[in-house]
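**Q** Input file: final_10.txt. Contents: compact mmCIF, C-alpha atoms (C1' of nucleotides).
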# COMPACT_ATOMS: atom_id res chain seq x y z
CA MET A 618 46.12 80.02 -13.26
CA THR A 619 43.91 83.06 -13.10
CA ALA A 620 41.64 84.25 -10.33
CA ALA A 621 39.22 81.52 -11.28
CA GLN A 622 40.55 79.21 -8.63
CA SER A 623 38.32 80.89 -6.06
CA SER A 624 38.14 80.28 -2.37
CA PRO A 625 35.56 78.05 -0.75
CA ARG A 626 33.08 80.19 1.07
CA LYS A 627 33.39 78.59 4.45
CA ARG A 628 35.00 75.27 5.12
CA ALA A 629 31.86 74.03 6.84
CA GLY A 630 33.69 70.93 7.95
CA ASN A 631 30.78 68.61 8.48
CA GLY A 632 27.67 70.10 7.00
CA ALA A 633 26.97 73.21 9.02
CA VAL A 634 24.62 75.02 6.67
CA ARG A 635 24.61 78.73 7.33
CA PRO A 636 21.63 80.41 5.64
CA ILE A 637 23.80 81.78 2.80
CA ASP A 638 22.66 85.28 2.09
CA ALA A 639 20.54 84.94 -0.99
CA GLU A 640 22.35 85.57 -4.26
CA GLU A 641 25.97 86.00 -3.30
CA ILE A 642 26.99 82.53 -4.34
CA GLY A 643 30.16 82.37 -6.39
CA LEU A 644 30.08 80.82 -9.84
CA ASP A 645 33.82 80.30 -9.92
CA ALA A 646 35.06 79.07 -13.31
CA LEU A 647 31.57 79.35 -14.78
CA VAL A 648 31.87 83.11 -15.25
CA GLY A 649 34.61 82.55 -17.80
CA HIS A 650 32.53 80.22 -19.93
CA ALA A 651 30.67 81.70 -22.85
CA GLY A 652 28.43 78.66 -23.00
CA TYR A 653 26.97 79.26 -19.59
CA ALA A 654 25.98 82.85 -20.31
CA VAL A 655 24.71 81.95 -23.75
CA ARG A 656 22.61 79.15 -22.33
CA ARG A 657 20.98 81.33 -19.68
CA PHE A 658 20.35 84.04 -22.24
CA GLN A 659 18.85 81.61 -24.69
CA ILE A 660 16.46 80.34 -22.05
CA TRP A 661 15.40 83.87 -21.23
CA ILE A 662 14.84 84.68 -24.90
CA PHE A 663 12.77 81.58 -25.55
CA GLN A 664 10.63 82.21 -22.49
CA ASP A 665 9.93 85.73 -23.66
CA PHE A 666 9.24 84.56 -27.20
CA ILE A 667 6.83 81.89 -26.01
CA ARG A 668 5.08 84.36 -23.73
CA THR A 669 4.88 87.10 -26.35
CA LEU A 670 3.56 84.72 -29.02
CA GLY A 671 1.44 82.92 -26.45
CA GLU A 672 -1.84 84.33 -27.71
CA VAL A 673 -1.24 82.69 -31.09
CA ASP A 674 0.36 79.55 -29.64
CA ILE A 675 3.49 79.60 -31.76
CA ARG A 676 6.86 78.43 -30.48
CA PRO A 677 10.27 79.47 -31.76
CA THR A 678 10.84 76.39 -33.89
CA GLN A 679 7.41 76.62 -35.47
CA TYR A 680 8.02 80.26 -36.25
CA SER A 681 11.32 79.50 -37.95
CA VAL A 682 9.73 76.81 -40.11
CA LEU A 683 6.86 79.04 -41.18
CA THR A 684 9.18 81.92 -41.95
CA VAL A 685 11.45 79.84 -44.15
CA ILE A 686 8.56 78.25 -46.02
CA GLY A 687 6.96 81.66 -46.48
CA ALA A 688 10.14 83.06 -47.98
CA ASN A 689 10.89 79.98 -50.08
CA PRO A 690 7.67 78.31 -51.20
CA GLY A 691 8.07 74.90 -52.75
CA LEU A 692 10.95 73.72 -50.61
CA SER A 693 11.19 70.06 -49.75
CA GLN A 694 11.22 68.87 -46.16
CA MET A 695 14.86 67.89 -46.48
CA ALA A 696 15.79 71.37 -47.65
CA VAL A 697 13.97 73.07 -44.77
CA ALA A 698 15.39 70.65 -42.22
CA LYS A 699 18.94 71.11 -43.46
CA ARG A 700 18.66 74.87 -43.61
CA LEU A 701 17.34 75.20 -40.07
CA GLY A 702 19.45 72.47 -38.53
CA ILE A 703 16.39 70.43 -37.61
CA GLU A 704 16.28 66.63 -37.85
CA ARG A 705 14.09 65.65 -40.75
CA ALA A 706 12.40 63.17 -38.43
CA ARG A 707 11.50 66.02 -36.12
CA LEU A 708 10.25 68.21 -38.94
CA VAL A 709 7.65 65.58 -39.76
CA HIS A 710 5.82 66.20 -36.48
CA LEU A 711 6.23 69.94 -36.71
CA LEU A 712 4.62 69.92 -40.15
CA ASP A 713 1.89 67.53 -39.04
CA SER A 714 0.91 70.06 -36.40
CA LEU A 715 1.16 73.08 -38.69
CA GLU A 716 -0.79 71.29 -41.39
CA GLN A 717 -3.56 70.36 -38.95
CA ARG A 718 -3.81 74.02 -38.10
CA LYS A 719 -4.20 74.78 -41.82
CA LEU A 720 -1.12 77.00 -41.89
CA VAL A 721 0.96 74.81 -44.20
CA LYS A 722 0.21 72.32 -46.95
CA ARG A 723 2.30 69.50 -48.35
CA VAL A 724 1.95 69.36 -52.11
CA LYS A 725 3.06 66.17 -53.83
CA SER A 726 5.92 66.99 -56.16
CA LYS A 727 5.62 65.71 -59.68
CA THR A 728 9.28 65.97 -60.53
CA ASP A 729 10.29 63.85 -57.55
CA ARG A 730 7.54 61.65 -56.25
CA ARG A 731 9.40 61.03 -53.02
CA SER A 732 9.28 64.62 -51.84
CA HIS A 733 6.70 67.18 -50.85
CA ALA A 734 6.68 70.81 -51.88
CA LEU A 735 5.89 72.94 -48.85
CA HIS A 736 3.64 75.97 -49.12
CA LEU A 737 1.82 78.28 -46.79
CA THR A 738 -1.95 78.25 -47.10
CA THR A 739 -3.66 81.59 -47.65
CA GLN A 740 -4.65 81.43 -44.02
CA GLY A 741 -1.06 80.64 -43.19
CA GLU A 742 0.22 83.74 -44.93
CA THR A 743 -2.04 86.14 -43.07
CA ALA A 744 -1.29 84.31 -39.84
CA LEU A 745 2.46 84.55 -40.43
CA ALA A 746 2.13 88.29 -40.94
CA LYS A 747 0.67 88.54 -37.45
CA PHE A 748 3.32 86.23 -36.02
CA LYS A 749 5.99 88.48 -37.46
CA ARG A 750 4.49 91.51 -35.79
CA LEU A 751 4.49 89.74 -32.44
CA ALA A 752 8.00 88.44 -33.03
CA ALA A 753 9.14 91.99 -33.67
CA GLU A 754 7.59 92.96 -30.37
CA HIS A 755 9.54 90.17 -28.71
CA GLU A 756 12.68 91.47 -30.35
CA ARG A 757 12.04 94.84 -28.76
CA HIS A 758 11.98 93.11 -25.39
CA VAL A 759 15.43 91.75 -26.16
CA GLU A 760 16.59 95.24 -26.99
CA GLU A 761 15.27 96.54 -23.69
CA LYS A 762 17.01 93.75 -21.86
CA ILE A 763 20.53 93.97 -23.23
CA GLY A 764 20.53 97.36 -24.93
CA ARG A 765 20.19 98.38 -28.52
CA ASP A 766 23.82 98.35 -29.61
CA ASN A 767 24.60 95.26 -27.60
CA ARG A 768 21.89 93.45 -29.52
CA GLU A 769 23.37 94.52 -32.81
CA ARG A 770 26.85 93.61 -31.69
CA LEU A 771 25.52 90.20 -30.76
CA LEU A 772 23.87 89.69 -34.13
CA ARG A 773 27.12 90.59 -35.85
CA ILE A 774 29.19 88.27 -33.70
CA LEU A 775 26.89 85.32 -34.28
CA ALA A 776 26.11 86.01 -37.92
CA ASP A 777 27.93 82.86 -39.04
CA PHE A 778 25.57 80.63 -37.13
CA THR A 779 22.47 81.62 -39.02
CA MET B 579 9.08 98.11 -42.82
CA THR B 580 12.69 97.16 -43.39
CA ALA B 581 14.22 94.83 -45.95
CA ALA B 582 13.01 91.92 -43.89
CA GLN B 583 9.90 91.50 -45.97
CA SER B 584 11.78 89.45 -48.55
CA SER B 585 10.55 88.09 -51.83
CA PRO B 586 9.39 84.52 -52.33
CA ARG B 587 12.04 82.64 -54.23
CA LYS B 588 9.91 81.40 -57.05
CA ARG B 589 6.15 81.34 -57.11
CA ALA B 590 6.18 77.63 -57.89
CA GLY B 591 2.44 77.78 -58.45
CA ASN B 592 1.52 74.17 -57.88
CA GLY B 593 4.42 72.37 -56.35
CA ALA B 594 7.09 72.40 -59.02
CA VAL B 595 10.11 71.64 -56.89
CA ARG B 596 13.26 72.90 -58.54
CA PRO B 597 16.37 71.34 -56.92
CA ILE B 598 17.18 74.54 -55.00
CA ASP B 599 20.89 75.05 -55.13
CA ALA B 600 22.11 73.85 -51.77
CA GLU B 601 22.44 76.53 -49.12
CA GLU B 602 21.12 79.67 -50.71
CA ILE B 603 17.78 79.53 -48.95
CA GLY B 604 16.65 82.81 -47.50
CA LEU B 605 15.93 83.05 -43.78
CA ASP B 606 13.84 86.19 -44.18
CA ALA B 607 12.84 87.70 -40.84
CA LEU B 608 14.89 85.13 -38.96
CA VAL B 609 18.16 86.94 -39.61
CA GLY B 610 16.92 89.86 -37.50
CA HIS B 611 16.16 87.71 -34.49
CA ALA B 612 18.82 87.41 -31.84
CA GLY B 613 17.15 84.31 -30.46
CA TYR B 614 17.70 82.32 -33.63
CA ALA B 615 21.43 83.02 -33.76
CA VAL B 616 21.81 82.49 -30.04
CA ARG B 617 20.03 79.17 -30.22
CA ARG B 618 22.19 77.86 -33.06
CA PHE B 619 25.30 79.06 -31.29
CA GLN B 620 24.27 77.48 -28.02
CA ILE B 621 23.73 74.14 -29.74
CA TRP B 622 27.18 74.36 -31.30
CA ILE B 623 28.76 75.20 -27.95
CA PHE B 624 27.07 72.35 -26.11
CA GLN B 625 28.05 69.87 -28.79
CA ASP B 626 31.66 70.93 -28.53
CA PHE B 627 31.54 70.87 -24.74
CA ILE B 628 30.06 67.38 -24.70
CA ARG B 629 32.62 66.17 -27.21
CA THR B 630 35.56 67.79 -25.43
CA LEU B 631 34.51 66.44 -22.03
CA GLY B 632 33.44 63.18 -23.59
CA GLU B 633 36.32 61.18 -22.18
CA VAL B 634 35.19 62.02 -18.64
CA ASP B 635 31.48 61.80 -19.46
CA ILE B 636 30.50 65.18 -18.04
CA ARG B 637 27.78 67.34 -19.55
CA PRO B 638 27.41 71.10 -19.23
CA THR B 639 24.78 71.02 -16.51
CA GLN B 640 26.75 68.52 -14.45
CA TYR B 641 29.82 70.66 -14.81
CA SER B 642 27.99 73.75 -13.59
CA VAL B 643 26.67 71.92 -10.54
CA LEU B 644 30.08 70.55 -9.61
CA THR B 645 31.72 73.93 -10.06
CA VAL B 646 29.25 75.74 -7.83
CA ILE B 647 29.42 73.10 -5.12
CA GLY B 648 33.20 73.14 -5.30
CA ALA B 649 33.30 76.88 -4.83
CA ASN B 650 30.59 76.95 -2.16
CA PRO B 651 30.70 73.79 -0.06
CA GLY B 652 27.77 73.26 2.23
CA LEU B 653 25.11 74.75 -0.01
CA SER B 654 21.62 73.30 0.10
CA GLN B 655 19.98 71.86 -3.00
CA MET B 656 17.57 74.77 -3.10
CA ALA B 657 20.44 77.26 -3.09
CA VAL B 658 22.26 75.51 -5.92
CA ALA B 659 19.09 75.13 -7.95
CA LYS B 660 18.14 78.76 -7.53
CA ARG B 661 21.62 80.01 -8.33
CA LEU B 662 21.91 77.99 -11.54
CA GLY B 663 18.32 78.37 -12.64
CA ILE B 664 17.68 74.64 -12.42
CA GLU B 665 14.43 73.14 -11.20
CA ARG B 666 14.97 71.65 -7.80
CA ALA B 667 13.15 68.56 -9.03
CA ARG B 668 15.70 68.22 -11.80
CA LEU B 669 18.64 68.75 -9.48
CA VAL B 670 17.60 65.68 -7.53
CA HIS B 671 18.40 63.39 -10.46
CA LEU B 672 21.57 65.26 -11.29
CA LEU B 673 22.83 64.79 -7.74
CA ASP B 674 21.73 61.16 -7.67
CA SER B 675 23.96 60.54 -10.64
CA LEU B 676 26.90 62.55 -9.32
CA GLU B 677 26.60 60.89 -5.93
CA GLN B 678 26.61 57.43 -7.49
CA ARG B 679 29.82 58.37 -9.23
CA LYS B 680 31.28 59.36 -5.84
CA LEU B 681 31.88 62.95 -6.91
CA VAL B 682 29.42 64.58 -4.54
CA LYS B 683 27.98 63.75 -1.14
CA ARG B 684 24.81 64.89 0.56
CA VAL B 685 25.43 65.57 4.23
CA LYS B 686 22.41 65.83 6.47
CA SER B 687 22.26 69.31 7.90
CA LYS B 688 21.85 69.58 11.64
CA THR B 689 20.57 73.11 11.70
CA ASP B 690 17.77 72.35 9.25
CA ARG B 691 16.81 68.72 9.12
CA ARG B 692 14.94 69.19 5.88
CA SER B 693 17.97 70.13 3.83
CA HIS B 694 21.21 68.57 2.71
CA ALA B 695 24.61 70.23 2.73
CA LEU B 696 26.35 69.50 -0.54
CA HIS B 697 30.06 68.76 -0.69
CA LEU B 698 32.53 67.40 -3.17
CA THR B 699 34.21 64.16 -2.20
CA THR B 700 38.00 64.09 -2.24
CA GLN B 701 37.69 62.14 -5.45
CA GLY B 702 35.28 64.78 -6.68
CA GLU B 703 37.75 67.56 -6.11
CA THR B 704 40.55 65.99 -8.08
CA ALA B 705 38.08 65.04 -10.79
CA LEU B 706 36.76 68.60 -10.98
CA ALA B 707 40.29 69.88 -11.46
CA LYS B 708 40.55 67.72 -14.55
CA PHE B 709 37.12 68.76 -15.77
CA LYS B 710 38.18 72.38 -15.51
CA ARG B 711 41.22 71.75 -17.65
CA LEU B 712 39.09 70.13 -20.31
CA ALA B 713 36.49 72.90 -20.05
CA ALA B 714 39.26 75.44 -20.62
CA GLU B 715 40.21 73.53 -23.73
CA HIS B 716 36.61 73.70 -24.89
CA GLU B 717 36.67 77.42 -24.27
CA ARG B 718 39.64 77.71 -26.58
CA HIS B 719 37.55 76.06 -29.28
CA VAL B 720 34.97 78.79 -28.80
CA GLU B 721 37.68 81.37 -29.18
CA GLU B 722 38.84 79.81 -32.41
CA LYS B 723 35.28 79.74 -33.69
CA ILE B 724 34.17 83.31 -33.08
CA GLY B 725 37.45 85.10 -32.43
CA ARG B 726 39.13 86.21 -29.25
CA ASP B 727 37.70 89.68 -28.86
CA ASN B 728 34.27 88.61 -30.03
CA ARG B 729 34.21 86.06 -27.26
CA GLU B 730 35.07 88.70 -24.70
CA ARG B 731 32.53 91.11 -26.11
CA LEU B 732 29.97 88.35 -25.82
CA LEU B 733 30.82 87.65 -22.20
CA ARG B 734 30.50 91.33 -21.40
CA ILE B 735 27.17 91.68 -23.17
CA LEU B 736 25.68 88.68 -21.40
CA ALA B 737 27.27 89.27 -18.01
CA ASP B 738 23.89 89.98 -16.42
CA PHE B 739 22.63 86.50 -17.19
CA THR B 740 25.20 84.68 -15.13
C1' DG C 650 2.63 76.57 22.77
C1' DA C 651 -0.52 74.98 19.13
C1' DA C 652 -2.46 75.82 14.56
C1' DA C 653 -1.63 77.56 10.01
C1' DG C 654 1.46 78.56 6.48
C1' DA C 655 5.89 78.23 4.10
C1' DT C 656 10.09 75.64 2.69
C1' DT C 657 12.97 71.43 1.32
C1' DG C 658 13.68 67.32 -0.90
C1' DT C 659 11.36 63.92 -3.52
C1' DT C 660 8.46 61.48 -7.03
C1' DG C 661 5.90 61.61 -11.06
C1' DT C 662 3.92 63.49 -15.51
C1' DT C 663 3.90 66.20 -19.60
C1' DG C 664 5.79 68.18 -23.73
C1' DA C 665 9.58 70.14 -26.65
C1' DC C 666 13.75 68.79 -28.51
C1' DG C 667 18.22 66.50 -30.45
C1' DA C 668 20.18 62.05 -31.93
C1' DC C 669 19.69 57.51 -33.98
C1' DA C 670 18.07 53.54 -36.33
C1' DA C 671 15.19 51.27 -39.49
C1' DC C 672 11.97 51.06 -43.29
C1' DA C 673 9.28 51.67 -47.95
C1' DA C 674 9.05 54.29 -51.95
C1' DT C 675 11.48 56.46 -55.28
C1' DT C 676 15.45 58.26 -57.84
C1' DG C 677 20.18 58.17 -59.56
C1' DT C 678 24.25 55.63 -61.11
C1' DC C 679 27.03 52.30 -63.26
C1' DG D 93 18.66 46.16 -64.80
C1' DA D 94 21.23 45.75 -60.32
C1' DC D 95 22.87 48.53 -56.66
C1' DA D 96 23.52 52.66 -54.01
C1' DA D 97 21.60 57.01 -52.40
C1' DT D 98 17.74 60.07 -51.09
C1' DT D 99 13.08 61.33 -49.04
C1' DG D 100 9.56 61.02 -45.89
C1' DT D 101 8.08 58.38 -42.11
C1' DT D 102 7.88 55.76 -37.71
C1' DG D 103 9.85 54.59 -33.51
C1' DT D 104 13.05 54.71 -29.49
C1' DC D 105 16.13 56.94 -26.21
C1' DG D 106 17.94 60.57 -23.29
C1' DT D 107 18.06 65.56 -21.96
C1' DC D 108 15.63 69.24 -20.31
C1' DA D 109 11.99 72.84 -18.65
C1' DA D 110 7.56 73.18 -16.28
C1' DC D 111 4.14 71.57 -13.08
C1' DA D 112 1.76 69.20 -9.51
C1' DA D 113 1.55 66.69 -5.42
C1' DC D 114 3.43 64.88 -1.15
C1' DA D 115 5.83 64.07 3.57
C1' DA D 116 8.95 65.96 6.64
C1' DT D 117 10.36 69.91 8.70
C1' DC D 118 10.82 74.89 9.87
C1' DT D 119 8.55 79.53 10.76
C1' DT D 120 4.75 82.60 11.87
C1' DT D 121 0.99 83.99 14.13
C1' DC D 122 -2.36 84.12 17.42
Show this structure as structure tokens.

**A**
Amino acid sequence: MTAAQSSPRKRAGNGAVRPIDAEEIGLDALVGHAGYAVRRFQIWIFQDFIRTLGEVDIRPTQYSVLTVIGANPGLSQMAVAKRLGIERARLVHLLDSLEQRKLVKRVKSKTDRRSHALHLTTQGETALAKFKRLAAEHERHVEEKIGRDNRERLLRILADFT
Amino acid sequence: MTAAQSSPRKRAGNGAVRPIDAEEIGLDALVGHAGYAVRRFQIWIFQDFIRTLGEVDIRPTQYSVLTVIGANPGLSQMAVAKRLGIERARLVHLLDSLEQRKLVKRVKSKTDRRSHALHLTTQGETALAKFKRLAAEHERHVEEKIGRDNRERLLRILADFT
DNA sequence: GAAAGATTGTTGTTGACGACAACAATTGTC
DNA sequence: GACAATTGTTGTCGTCAACAACAATCTTTC
């Protein structure tokens, strides 16, 4: 219907590959899809996050888990998993790793002997403080990339997904 | 510095897990991170895309490859991979699958015997037309989810990442 | 024009991640 | 007390990004 129909670059009948000047390849219908842009952006963000927090070896998912536990000590694994949209099966491994690194501890609950109460260790709290500083630095990179008000617009638009 | 510091819900000293009323768990610093919202949103989008194009069994990455080839017949695998930000190693498997389904064909290039010129089959072209209709339907779901102007704002903000 | 270097497609490995299924221990319900 | 539901755990499967290595084939350089 719209201009998305596009025109094939060059009906190269039977495979005549002309060098194709670098980056002028049409995306056609893709430019109208929010998902495509969001995906590429998300990849960029994660790469920058991983690089910026590289010195402390913390990935986005780990950071989100630590942050939530830090702000809500005593949560069960189910509660954390549900809140962050992580499979509880996956959270098990994440916590195994974080517990090995002495950042988190699983305390056996006495009110419900099935569940664990999650807490940061003392070491975990000071570490998280540093992670947050680095994460803030990462966030500044995002600002530089898309612009200050665009970042805030974005946060407002996607507020329901947090 | 800001209000992001948050206050721990309840110093539950030694693991007293109080039921925690459903979804009122604080995200603390996470709410200020664009990456978190973008990630959750991207997961939602992909799930809807996969569900909406479920009847034709086409996933987002496959759709992007088909679209680019359709709009630029004769491209090499390198060109497609670079344009879409896909590893060329990964594109190999994607094309294997699409070629098995008779949607795409690899034509040996005569100007550069290392590379393949990628084309849609006739079947591939009619199939892609249907995929595009379904993808447009998916896009309407996005509109319903975040609102019409928010979607357009989003596309504008992230235009550089396409 | 031959040697050295770069590119293209391919194969394989690794690790993070989402989605499921199954299970034991425990709790809640009737 | 029997039966269903929940919690943490283990395991499998498929997608995906990131590398590394390789053979075949250009391209550069002397």

**Q** So, counting all atoms listed in the file, which residue among D:DC114, D:DT121, D:DA109, D:DT102 is closest to chain B?

**A** D:DA109

**Q** Give me the least-squares superposed chain A (reference chain B; all C-alpha atoms paired in order) as a tab-separated table (two decimals) with C-alpha atoms, keeping the file's coordinate frame.

**A**
chain	number	residue	atom	x	y	z
A	618	MET	CA	8.90	97.93	-43.14
A	619	THR	CA	12.52	97.09	-43.74
A	620	ALA	CA	14.07	94.78	-46.29
A	621	ALA	CA	12.88	91.86	-44.22
A	622	GLN	CA	9.80	91.43	-46.32
A	623	SER	CA	11.80	89.40	-48.82
A	624	SER	CA	10.69	88.00	-52.11
A	625	PRO	CA	9.56	84.43	-52.58
A	626	ARG	CA	12.21	82.55	-54.46
A	627	LYS	CA	10.07	81.29	-57.27
A	628	ARG	CA	6.32	81.26	-57.27
A	629	ALA	CA	6.29	77.55	-58.01
A	630	GLY	CA	2.56	77.68	-58.52
A	631	ASN	CA	1.68	74.08	-57.88
A	632	GLY	CA	4.61	72.31	-56.35
A	633	ALA	CA	7.31	72.32	-58.99
A	634	VAL	CA	10.34	71.58	-56.85
A	635	ARG	CA	13.51	72.80	-58.49
A	636	PRO	CA	16.59	71.28	-56.84
A	637	ILE	CA	17.35	74.49	-54.91
A	638	ASP	CA	21.06	75.01	-55.00
A	639	ALA	CA	22.23	73.86	-51.62
A	640	GLU	CA	22.57	76.59	-49.02
A	641	GLU	CA	21.20	79.69	-50.68
A	642	ILE	CA	17.88	79.55	-48.92
A	643	GLY	CA	16.72	82.85	-47.49
A	644	LEU	CA	15.99	83.13	-43.79
A	645	ASP	CA	13.92	86.26	-44.22
A	646	ALA	CA	12.89	87.81	-40.90
A	647	LEU	CA	14.91	85.24	-38.97
A	648	VAL	CA	18.18	87.07	-39.61
A	649	GLY	CA	16.94	89.97	-37.53
A	650	HIS	CA	16.17	87.83	-34.51
A	651	ALA	CA	18.80	87.55	-31.83
A	652	GLY	CA	17.12	84.46	-30.46
A	653	TYR	CA	17.68	82.46	-33.60
A	654	ALA	CA	21.41	83.15	-33.73
A	655	VAL	CA	21.77	82.63	-30.01
A	656	ARG	CA	19.97	79.32	-30.22
A	657	ARG	CA	22.14	77.99	-33.03
A	658	PHE	CA	25.25	79.16	-31.25
A	659	GLN	CA	24.19	77.58	-28.00
A	660	ILE	CA	23.65	74.27	-29.73
A	661	TRP	CA	27.08	74.45	-31.29
A	662	ILE	CA	28.69	75.27	-27.95
A	663	PHE	CA	26.97	72.44	-26.12
A	664	GLN	CA	27.92	69.95	-28.81
A	665	ASP	CA	31.53	71.00	-28.55
A	666	PHE	CA	31.42	70.91	-24.76
A	667	ILE	CA	29.91	67.44	-24.73
A	668	ARG	CA	32.45	66.21	-27.26
A	669	THR	CA	35.42	67.80	-25.50
A	670	LEU	CA	34.36	66.45	-22.09
A	671	GLY	CA	33.24	63.19	-23.66
A	672	GLU	CA	36.14	61.18	-22.28
A	673	VAL	CA	35.02	62.01	-18.74
A	674	ASP	CA	31.30	61.83	-19.53
A	675	ILE	CA	30.35	65.19	-18.08
A	676	ARG	CA	27.63	67.37	-19.56
A	677	PRO	CA	27.28	71.13	-19.23
A	678	THR	CA	24.69	71.04	-16.47
A	679	GLN	CA	26.67	68.53	-14.44
A	680	TYR	CA	29.75	70.67	-14.81
A	681	SER	CA	27.94	73.76	-13.57
A	682	VAL	CA	26.64	71.92	-10.51
A	683	LEU	CA	30.05	70.53	-9.61
A	684	THR	CA	31.71	73.89	-10.08
A	685	VAL	CA	29.28	75.70	-7.82
A	686	ILE	CA	29.46	73.06	-5.11
A	687	GLY	CA	33.25	73.07	-5.34
A	688	ALA	CA	33.36	76.82	-4.86
A	689	ASN	CA	30.69	76.89	-2.16
A	690	PRO	CA	30.81	73.71	-0.08
A	691	GLY	CA	27.90	73.19	2.26
A	692	LEU	CA	25.23	74.70	0.05
A	693	SER	CA	21.74	73.28	0.20
A	694	GLN	CA	20.05	71.87	-2.87
A	695	MET	CA	17.65	74.80	-2.93
A	696	ALA	CA	20.52	77.27	-2.95
A	697	VAL	CA	22.31	75.52	-5.82
A	698	ALA	CA	19.11	75.15	-7.81
A	699	LYS	CA	18.18	78.80	-7.39
A	700	ARG	CA	21.65	80.03	-8.23
A	701	LEU	CA	21.90	78.02	-11.44
A	702	GLY	CA	18.30	78.42	-12.51
A	703	ILE	CA	17.67	74.69	-12.29
A	704	GLU	CA	14.40	73.21	-11.00
A	705	ARG	CA	15.00	71.70	-7.60
A	706	ALA	CA	13.14	68.62	-8.82
A	707	ARG	CA	15.64	68.28	-11.63
A	708	LEU	CA	18.62	68.78	-9.35
A	709	VAL	CA	17.57	65.71	-7.39
A	710	HIS	CA	18.34	63.43	-10.35
A	711	LEU	CA	21.50	65.28	-11.23
A	712	LEU	CA	22.79	64.80	-7.69
A	713	ASP	CA	21.67	61.17	-7.60
A	714	SER	CA	23.87	60.55	-10.62
A	715	LEU	CA	26.83	62.55	-9.33
A	716	GLU	CA	26.57	60.88	-5.95
A	717	GLN	CA	26.53	57.41	-7.51
A	718	ARG	CA	29.72	58.35	-9.28
A	719	LYS	CA	31.22	59.32	-5.90
A	720	LEU	CA	31.85	62.90	-6.98
A	721	VAL	CA	29.41	64.54	-4.56
A	722	LYS	CA	28.03	63.68	-1.15
A	723	ARG	CA	24.87	64.83	0.59
A	724	VAL	CA	25.56	65.50	4.24
A	725	LYS	CA	22.57	65.74	6.55
A	726	SER	CA	22.45	69.21	8.03
A	727	LYS	CA	22.07	69.42	11.76
A	728	THR	CA	20.86	72.99	11.85
A	729	ASP	CA	18.02	72.25	9.44
A	730	ARG	CA	17.05	68.63	9.30
A	731	ARG	CA	15.12	69.15	6.09
A	732	SER	CA	18.14	70.09	4.01
A	733	HIS	CA	21.35	68.52	2.82
A	734	ALA	CA	24.74	70.17	2.80
A	735	LEU	CA	26.43	69.45	-0.51
A	736	HIS	CA	30.14	68.69	-0.70
A	737	LEU	CA	32.56	67.33	-3.22
A	738	THR	CA	34.23	64.07	-2.26
A	739	THR	CA	38.02	63.99	-2.35
A	740	GLN	CA	37.67	62.06	-5.57
A	741	GLY	CA	35.26	64.70	-6.76
A	742	GLU	CA	37.75	67.49	-6.19
A	743	THR	CA	40.52	65.90	-8.22
A	744	ALA	CA	38.01	64.98	-10.90
A	745	LEU	CA	36.70	68.54	-11.06
A	746	ALA	CA	40.23	69.82	-11.55
A	747	LYS	CA	40.47	67.67	-14.66
A	748	PHE	CA	37.03	68.73	-15.84
A	749	LYS	CA	38.10	72.34	-15.57
A	750	ARG	CA	41.14	71.72	-17.72
A	751	LEU	CA	38.99	70.13	-20.40
A	752	ALA	CA	36.41	72.89	-20.10
A	753	ALA	CA	39.16	75.43	-20.67
A	754	GLU	CA	40.12	73.52	-23.78
A	755	HIS	CA	36.51	73.73	-24.93
A	756	GLU	CA	36.58	77.44	-24.28
A	757	ARG	CA	39.55	77.73	-26.60
A	758	HIS	CA	37.46	76.09	-29.30
A	759	VAL	CA	34.89	78.83	-28.80
A	760	GLU	CA	37.61	81.41	-29.18
A	761	GLU	CA	38.76	79.84	-32.42
A	762	LYS	CA	35.21	79.81	-33.69
A	763	ILE	CA	34.11	83.38	-33.07
A	764	GLY	CA	37.41	85.14	-32.39
A	765	ARG	CA	39.09	86.21	-29.22
A	766	ASP	CA	37.67	89.70	-28.82
A	767	ASN	CA	34.25	88.66	-30.00
A	768	ARG	CA	34.17	86.10	-27.22
A	769	GLU	CA	35.05	88.72	-24.66
A	770	ARG	CA	32.53	91.14	-26.08
A	771	LEU	CA	29.94	88.41	-25.79
A	772	LEU	CA	30.80	87.68	-22.17
A	773	ARG	CA	30.48	91.37	-21.36
A	774	ILE	CA	27.15	91.72	-23.12
A	775	LEU	CA	25.65	88.72	-21.36
A	776	ALA	CA	27.24	89.29	-17.97
A	777	ASP	CA	23.86	90.01	-16.36
A	778	PHE	CA	22.59	86.55	-17.14
A	779	THR	CA	25.14	84.71	-15.09

**Q** Pull out every residue of chain A sitting within 10 Å of chain D, counting all atoms listed in the file, and send them as a list in words.

**A** Ile660, Ser693, Gln694, Met695, Arg705, Ala706, Val709, His710, Asp729, Arg730, Arg731, Ser732 and His733 of chain A

**Q** In terms of the shortest atom-to-atom distance over all atoms listed in the file, which of A:Glu769, A:Glu641, A:Asp674, A:Glu704 is closest to chain C?

**A**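 Going through A:Glu769, A:Glu641, A:Asp674, A:Glu704 one by one, the smallest distance to chain C is for A:Glu704.
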
**Q** Pick out the residues sitting within 7 Å of region 628-633 of chain B, and hand them over as a ChimeraX atom specification; count all atoms listed in the file, and ignore anything fewer than 3 positions along from it in its own chain.

**A** /B:624-625,636-637,712,716

**Q** Tell me which of B:Glu703, B:Asp674, B:Asp738, B:Glu722 sits closest to chain A, counting all atoms listed in the file.

**A**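 The answer is B:Asp738, which sits nearest to chain A.
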
**Q** Which centre and edge lengths in Å to one decimal define the box along x, y and z that fits every listed atom of region 671-677 of chain C plus 4 Å per side, as AutoDock Vina command-line options?

**A**
--center_x 14.6 --center_y 54.7 --center_z -49.5 --size_x 19.1 --size_y 15.2 --size_z 28.1
